[in-house]
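Undergrad: Before I ask anything, let me first share the structure, which is written out below as structure tokens.
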Amino acid sequence: MAWDPKLYSSFAAPRLRPALDLMARIAAESPAQVVDLGCGTGNVTRILAQTWPAAQVTGIDSSPQMLEAAAQESQTITWTQADMGTWAPPRKVDVLFSNAALHWLGDHGRLFPRLAGLVAPGGWLAVQMPHNHYAASHTIMAEAAAAGPWADTLVPLAGRFPVGDPGFYYDLLAPLSQELDIWESEYLHVLDGDNPVVRWTMGTALRPLLDAVDGDWRQGFLDEYSARIARAYPRRADGKTLFAFRRLFLVARL
């Protein structure tokens, strides 16, 4: 999947708030090794480096486009291209942080215990993932995928969502953790512009579907999705659009 750093960063401020909320729950005092798994353009990685200036901070991402953008902003952080699902550090880390990335990977029943095993004793695993697949932004994606000649290609992609409920992650991580905090928050984003929810999803969840088709099918699907989204998320009287977005958080001290 080809990522567009500029499009993703167009909603940098509302995307940053959950990362800061997650970071605030990590009680590490002086970690030596801090890793941002799925670092994207590195805006959160740089805050991690500012929070723990004595730490060796590494940003991991599979997208060369994202890492190229990240490297332009900071020379003090190590940027590494790797598959999040198979990456492993040379030695266990003190803080393993992942913001809005692990929902792209499947088989969380295996993934999360593996990630916990990459953290040093007394270290921290901190994860935030979108948990918004019941919202109109995502259910309409599946409806639009099924509503045209592109259905055979797009329906399997639109139905993919591996994030479980909080209890699922509790059962996985509680036996491995000294402390475990799991919660959900719903953010009400106030967005500007014409059909901004479409622009938001084009930078994230809609990306694999758009990459799977081209030409008339790509435009036809995007038009179908956009029309349905405009009805589901109308502009308010002041011209703003309200976009509720639920996210799942977990912080474990291993």
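Every chain in the structure tokens takes a letter, A first, then B, and so on in the order presented; its residues are numbered from 1, and the ligands are numbered from 1 following the presented order.
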Give me, as a ChimeraX atom specification, all polymer residues having an atom no more than 6 Å from region 179-181 of chain A, counting only C-alpha atoms and skipping those fewer than 4 positions away in the same chain.
TA: /A:250-253
Undergrad: Could you pull out the alpha helix (DSSP H) residues of region 26-225 of chain A from DSSP and send them as number ranges by chain?
TA: A: 43-51, 64-71, 108-116, 136-145, 151-158, 166-173, 196-202, 207-212, 215-225
Undergrad: Taking only C-alpha atoms into account, name the residue in A:Pro14, A:Gly85, A:Gln219, A:Ile182 that is nearest to Phe112 (chain A).
TA: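 Once distances to Phe112 (chain A) are computed over only C-alpha atoms, the minimum belongs to A:Gly85.
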Undergrad: Rounded to one decimal in Å, what is the spacing between CA of Pro130 (chain A) and CA of Gln81 (chain A)?
TA: 22.7 Å
Undergrad: Quick one: everything within 12 Å of Leu111 (chain A), counting only C-alpha atoms, minus sequence neighbours fewer than 6 positions away in the same chain. Send it as a PyMOL selection string.
TA: chain A and resi 84-88+102-105+117-118+162-163+169+172-173
Undergrad: Write out as a ChimeraX atom specification the residues lying within 10 Å of Leu37 (chain A), counting only C-alpha atoms and excluding same-chain residues fewer than 4 positions away.
TA: /A:45,58-62,80,82-85,87,96-102,127
Undergrad: Would you mind exporting N, CA and C atoms of the selected residues as a JSON list (two decimals), in the first residue's frame?
TA:
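Final file, selection.json:
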[["chain", "number", "residue", "atom", "x", "y", "z"],
["A", 45, "THR", "N", 7.10, 10.36, 17.25],
["A", 45, "THR", "CA", 8.44, 9.88, 17.62],
["A", 45, "THR", "C", 9.29, 11.02, 18.15],
["A", 58, "THR", "N", 14.02, 5.00, 18.40],
["A", 58, "THR", "CA", 13.97, 4.42, 17.06],
["A", 58, "THR", "C", 12.55, 4.47, 16.55],
["A", 59, "GLY", "N", 12.39, 4.90, 15.30],
["A", 59, "GLY", "CA", 11.09, 4.87, 14.63],
["A", 59, "GLY", "C", 11.08, 3.76, 13.59],
["A", 60, "ILE", "N", 10.09, 2.89, 13.67],
["A", 60, "ILE", "CA", 9.97, 1.75, 12.76],
["A", 60, "ILE", "C", 8.73, 1.94, 11.88],
["A", 61, "ASP", "N", 8.87, 1.80, 10.57],
["A", 61, "ASP", "CA", 7.72, 1.85, 9.69],
["A", 61, "ASP", "C", 8.03, 1.07, 8.42],
["A", 62, "SER", "N", 6.97, 0.55, 7.80],
["A", 62, "SER", "CA", 7.16, -0.21, 6.56],
["A", 62, "SER", "C", 7.16, 0.67, 5.32],
["A", 80, "THR", "N", 14.03, 3.27, 10.81],
["A", 80, "THR", "CA", 14.27, 1.94, 10.27],
["A", 80, "THR", "C", 13.04, 1.45, 9.51],
["A", 82, "ALA", "N", 10.92, -1.53, 8.29],
["A", 82, "ALA", "CA", 10.75, -2.93, 8.65],
["A", 82, "ALA", "C", 9.26, -3.25, 8.71],
["A", 83, "ASP", "N", 8.95, -4.52, 8.60],
["A", 83, "ASP", "CA", 7.59, -5.02, 8.75],
["A", 83, "ASP", "C", 7.25, -5.05, 10.24],
["A", 84, "MET", "N", 6.18, -4.33, 10.63],
["A", 84, "MET", "CA", 5.82, -4.28, 12.04],
["A", 84, "MET", "C", 5.50, -5.65, 12.61],
["A", 85, "GLY", "N", 4.99, -6.54, 11.77],
["A", 85, "GLY", "CA", 4.58, -7.85, 12.27],
["A", 85, "GLY", "C", 5.72, -8.79, 12.58],
["A", 87, "TRP", "N", 9.22, -7.42, 12.94],
["A", 87, "TRP", "CA", 10.37, -6.69, 13.49],
["A", 87, "TRP", "C", 10.67, -7.15, 14.91],
["A", 96, "LEU", "N", 7.94, 0.28, 24.36],
["A", 96, "LEU", "CA", 7.50, -0.06, 23.01],
["A", 96, "LEU", "C", 6.15, 0.63, 22.80],
["A", 97, "PHE", "N", 6.15, 1.63, 21.96],
["A", 97, "PHE", "CA", 5.02, 2.53, 21.77],
["A", 97, "PHE", "C", 4.48, 2.35, 20.36],
["A", 98, "SER", "N", 3.16, 2.29, 20.21],
["A", 98, "SER", "CA", 2.57, 2.19, 18.88],
["A", 98, "SER", "C", 1.26, 2.93, 18.85],
["A", 99, "ASN", "N", 1.18, 3.94, 18.01],
["A", 99, "ASN", "CA", 0.00, 4.79, 17.92],
["A", 99, "ASN", "C", -0.64, 4.65, 16.54],
["A", 100, "ALA", "N", -1.87, 4.14, 16.51],
["A", 100, "ALA", "CA", -2.66, 4.06, 15.26],
["A", 100, "ALA", "C", -1.91, 3.32, 14.16],
["A", 101, "ALA", "N", -1.38, 2.14, 14.50],
["A", 101, "ALA", "CA", -0.64, 1.37, 13.51],
["A", 101, "ALA", "C", -0.99, -0.12, 13.52],
["A", 102, "LEU", "N", -1.16, -0.71, 14.71],
["A", 102, "LEU", "CA", -1.27, -2.17, 14.79],
["A", 102, "LEU", "C", -2.60, -2.69, 14.27],
["A", 127, "VAL", "N", -0.09, 1.07, 23.48],
["A", 127, "VAL", "CA", -0.69, 0.93, 22.15],
["A", 127, "VAL", "C", -2.00, 1.69, 22.08]]
Undergrad: With only C-alpha atoms as the basis for distance, which of A:Met141, A:Phe243, A:Ile229, A:Trp183 is at the shortest distance from Leu210 (chain A)?
TA: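 Under the stated criterion, the closest residue is A:Met141.
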Undergrad: If we count only C-alpha atoms and set the cut-off at 8 Å, which residues sit around Ala158 (chain A), ignoring sequence neighbours fewer than 2 positions away in its own chain? Please answer as a PyMOL selection string.
TA: chain A and resi 141-142+145+154-156+160+209
Undergrad: With only C-alpha atoms as the atoms that count, which of A:Leu248, A:Ala120, A:Ala151, A:Met202 lies nearest to Pro166 (chain A)?
TA: A:Leu248
Undergrad: Give me, as a PyMOL selection string, all polymer residues having an atom no more than 10 Å from Pro208 (chain A), counting only C-alpha atoms and skipping those fewer than 2 positions away in the same chain.
TA: chain A and resi 1-3+154+157-158+202-206+210-213
Undergrad: Please, what distance in Å, to one decimal, runs between CA of Ala227 (chain A) and CA of Ala244 (chain A)?
TA: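 Here the two named atoms are 18.7 Å from each other.
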Undergrad: Using only C-alpha atoms, which protein or nucleic acid residues come within 8 Å of Trp217 (chain A)? Drop anything in the same chain fewer than 3 positions from it, and give the result as a PyMOL selection string.
TA: chain A and resi 149-150+213-214+220-221
Undergrad: Run DSSP on the backbone and give me the residues of region 56-106 of chain A it puts in strand (DSSP E), as a PyMOL selection string.
TA: chain A and resi 56-61+78-81+93-99
Undergrad: Using the selection just defined, write its residues with C-alpha atoms as a compact mmCIF listing (two decimals), in the first residue's frame.
TA:
# COMPACT_ATOMS: atom_id res chain seq x y z
CA GLN A 56 17.98 6.00 22.20
CA VAL A 57 14.80 6.48 20.16
CA THR A 58 13.97 4.42 17.06
CA GLY A 59 11.09 4.87 14.63
CA ILE A 60 9.97 1.75 12.76
CA ASP A 61 7.72 1.85 9.69
CA THR A 78 17.11 6.23 14.16
CA TRP A 79 14.60 5.56 11.36
CA THR A 80 14.27 1.94 10.27
CA GLN A 81 12.17 0.40 7.50
CA VAL A 93 13.41 -2.28 24.88
CA ASP A 94 12.18 -0.20 27.79
CA VAL A 95 9.23 1.46 26.02
CA LEU A 96 7.50 -0.06 23.01
CA PHE A 97 5.02 2.53 21.77
CA SER A 98 2.57 2.19 18.88
CA ASN A 99 0.00 4.79 17.92
Undergrad: Using only C-alpha atoms, pick whichever of A:His133, A:Arg15, A:Arg199, A:Arg25 has the shortest atom-to-atom distance to Phe249 (chain A).
TA: A:Arg25
Undergrad: Find the distance between CA of Gln65 (chain A) and CA of Pro89 (chain A) and write it in Å to one decimal.
TA: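 Interatomic distance here is 22.2 Å.
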Undergrad: Of the candidates A:Ala54, A:Ile26, A:Leu254, A:Ala49, which shows the shortest atom-to-atom distance to Gln75 (chain A), using only C-alpha atoms?
TA: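 Ranking A:Ala54, A:Ile26, A:Leu254, A:Ala49 by distance to Gln75 (chain A), first place goes to A:Ala49.
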